[in-house]
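What follows is one structure encoded as structure tokens, with my remarks underneath.
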Amino acid sequence: MMEIKNRKIGIIGLGISGFDSSIFLIDNGANVYISEKNYNDEIKERIDILKEKGAKIEIGSHTEEFLKDVDFVVISPGVDERIENLDFLKKRGIPVISEIELAYNFSKSKKIIGITGTNGKTTTTTLLGEIFKNSNYKSVVCGNIGNTFIGEIKNIDEDTWVILEISSFQLEKIKSFKPYIACLLNIDYDHFDRYSNMEEYISAKKRIFENQDEKDFSVLNFDNYWIKRLLKEIKSKKLFFSFSKIFNGAYYENGGIFINVDGKTRRIKTDKIKLYGKGNIENIMACSLISVLCGIEEDIVQKTIENFKPLPHRMEIVAEIDGIVFINDSKSTNPHSVRNSILSIDKKNKIILILGGKDKGFPYYQLKKYLKDRVKFIILFGEAKERIKNELKSLNIPIETVESLRGCILLAKKIGKRGDTVLFSPGCSSFDMFKNYKERGDVFKKEVLSLL
């Protein structure tokens, strides 16, 4: 176990993972040095609590002088070392770890299910947590989903299943972290505001398998091009999910999910599920496969997926107005997610697609083949609107740019006809105009409902 008592430990970034890490370290006898660039009401509230507990804090920058004597640093996933000029840590030989690495060292349970991927992480993690809860397995759902792994340590004993949503940012700074089951849902273009190229992004994602051995399991999307390129590097026992018939995992066929584990085939029906679309079928296959692998009966899986409601801002039907259906898919922050959302809508329903937001450097031209014959009109807004327009303008589809989200909705209502679907699937991050994708989705819903 990592030694922390009486040691000097740095925390860079005072988001939720930094705050929870600080609390844990202080409560276990460490001397904590917190460095945070930003200052707002939420940060002030956390600072007040931590100062009272004895933490040393600097605000406004991350300075070498403040952190020069720490034994190691726990860095928040939102902090990019290169942008923040933290080279001095490496020069001084100061180890840098992530919050999930810290938590792993103090977790009494190693029954960890790590779920990562470009899209679908939160839905898969939440659904799997519901399945485990309904099976009366002792479990904790945490990680990138909101509540931190380190914040849940006190609730974890040797028999607890830890169902952990993990981002690529969190994986960048692991050392010994090793999930018993590592699930990679998909890989596609994302976070090009953080990574120089696709290979750099994949290098972060594949670290989830780095410390696994033949006693562990990997659950992988057999249909994903980028994942197939990684197979030779993965040392754990590989199980797959696919839309093609396979015999070492789960596959979808004729409205059912067939799971082949230990020589036995189980079937999960999908005709009564409330989640729809290709991406969600993949999420359900992954959950079903992991559940069966962990000894959960298929009837519990069946009942849980039938009762599971879509999470907010993920293909969420907001309203039907004059025969036009408005869908809030604000969680869509990359082209891969836009593609899945488009393919989720019946071909007979023409789509008015609302795209745009903060430019993350994605290749939007790759959407062309999915927009053709399905999308009747494209409405663009936000920082990325002109670049997206340039990449899609060769399509024989009308494109118009608008300055506000309300303007997008009013235009969509004006041009929409009975039977059309207005799909708000931005394919970009929200930070040019909104605090996060949740606020963006809430604004979309509010503006749509104002038309009623």
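Scheme for the structure tokens: letters A, B, ... for chains in order shown; per-chain residue numbers from 1; ligand numbers from 1 in order shown.
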As a list in words, please: the residues near Cys142 in chain A (cut-off 8 Å, only C-alpha atoms, same-chain neighbours under 4 positions excluded). Gly146, Asn147, Thr148, Phe149, Glu152, Val162, Ile163, Leu164 and Glu165 of chain A
Please write the residues from the selection above to a file, keeping N, CA and C atoms, as a PDB file, in the first residue's frame.
```
ATOM      1  N   GLY A 146     -19.158  10.981 -11.975  1.00  0.00           N
ATOM      2  CA  GLY A 146     -19.519  12.101 -11.089  1.00  0.00           C
ATOM      3  C   GLY A 146     -18.939  11.954  -9.704  1.00  0.00           C
ATOM      4  N   ASN A 147     -19.275  10.885  -9.004  1.00  0.00           N
ATOM      5  CA  ASN A 147     -18.698  10.641  -7.683  1.00  0.00           C
ATOM      6  C   ASN A 147     -17.388   9.874  -7.856  1.00  0.00           C
ATOM      7  N   THR A 148     -16.352  10.311  -7.183  1.00  0.00           N
ATOM      8  CA  THR A 148     -15.017   9.796  -7.447  1.00  0.00           C
ATOM      9  C   THR A 148     -14.772   8.449  -6.778  1.00  0.00           C
ATOM     10  N   PHE A 149     -13.821   7.711  -7.349  1.00  0.00           N
ATOM     11  CA  PHE A 149     -13.365   6.444  -6.780  1.00  0.00           C
ATOM     12  C   PHE A 149     -12.800   6.676  -5.380  1.00  0.00           C
ATOM     13  N   GLU A 152     -15.312   7.186  -2.692  1.00  0.00           N
ATOM     14  CA  GLU A 152     -16.107   6.011  -2.322  1.00  0.00           C
ATOM     15  C   GLU A 152     -15.299   4.961  -1.567  1.00  0.00           C
ATOM     16  N   VAL A 162     -16.526  -2.789  -7.862  1.00  0.00           N
ATOM     17  CA  VAL A 162     -16.350  -1.370  -8.180  1.00  0.00           C
ATOM     18  C   VAL A 162     -16.584  -1.196  -9.677  1.00  0.00           C
ATOM     19  N   ILE A 163     -17.682  -0.523 -10.025  1.00  0.00           N
ATOM     20  CA  ILE A 163     -18.034  -0.288 -11.427  1.00  0.00           C
ATOM     21  C   ILE A 163     -17.622   1.145 -11.752  1.00  0.00           C
ATOM     22  N   LEU A 164     -16.572   1.259 -12.557  1.00  0.00           N
ATOM     23  CA  LEU A 164     -15.834   2.506 -12.664  1.00  0.00           C
ATOM     24  C   LEU A 164     -15.832   3.042 -14.090  1.00  0.00           C
ATOM     25  N   GLU A 165     -16.438   4.212 -14.277  1.00  0.00           N
ATOM     26  CA  GLU A 165     -16.328   4.900 -15.568  1.00  0.00           C
ATOM     27  C   GLU A 165     -14.986   5.626 -15.608  1.00  0.00           C
TER      28      GLU A 165
END
```
Pull the strand (DSSP E or B) assignments for range 244-447 of chain A out of DSSP run on the backbone, and list those residues as an MDAnalysis selection string. chainID A and resid 249:253 256:261 264:269 316:321 324:328 351:356 358 375:381 399:401 421:424 429
Contacts of range 51-61 of chain A within 6 Å, only C-alpha atoms, excl. fewer than 6 positions in-chain, as a compact mmCIF listing (two decimals) with C-alpha atoms, in the first residue's frame:
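Produced file out27.txt, reproduced below:
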```txt
# COMPACT_ATOMS: atom_id res chain seq x y z
CA VAL A 32 -1.36 18.47 1.39
CA TYR A 33 -0.29 21.28 -0.96
CA ILE A 34 -3.09 22.33 -3.34
CA SER A 35 -2.48 24.33 -6.53
CA GLU A 36 -5.48 25.74 -8.41
CA LYS A 37 -5.53 28.30 -11.25
CA ASN A 38 -9.19 29.27 -11.12
```
Would you mind reading off the distance between CA of Asp159 in chain A and CA of Cys183 in chain A, one decimal, in Å?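 Going from CA of Asp159 in chain A over to CA of Cys183 in chain A covers 20.4 Å.
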Counting only C-alpha atoms, which of A:Leu127, A:Gly10, A:Gly416, A:Lys368 gets nearest to Phe66 in chain A?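 Nearest to Phe66 in chain A: A:Gly10.
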Range 104-115 of chain A: which residues within 8 Å, counting only C-alpha atoms, same-chain residues fewer than 4 positions away excluded, as a list in words? Met1, Met2, Ile100, Lys121, Thr124, Thr125, Ile153, Ile156, Asp157, Glu158, Asp159, Thr160, Trp161, Val162, Ile163, Leu164, Glu165, Ile166, Ser176, Phe177, Lys178, Pro179, Tyr180, Ile181, Ala182, Cys183, Leu184, Leu185 and Ile208 of chain A
Contacts of range 186-270 of chain A with range 69-82 of chain A up to 12 Å, shortest pair per row, only C-alpha atoms, as a Markdown table:
```
| residue | atom | partner | partner_atom | distance |
| --- | --- | --- | --- | --- |
| A:His191 | CA | A:Gly78 | CA | 11.5 |
| A:Asp193 | CA | A:Asp80 | CA | 10.2 |
| A:Arg194 | CA | A:Asp80 | CA | 7.3 |
| A:Tyr195 | CA | A:Asp80 | CA | 9.8 |
| A:Ser196 | CA | A:Arg82 | CA | 11.3 |
```
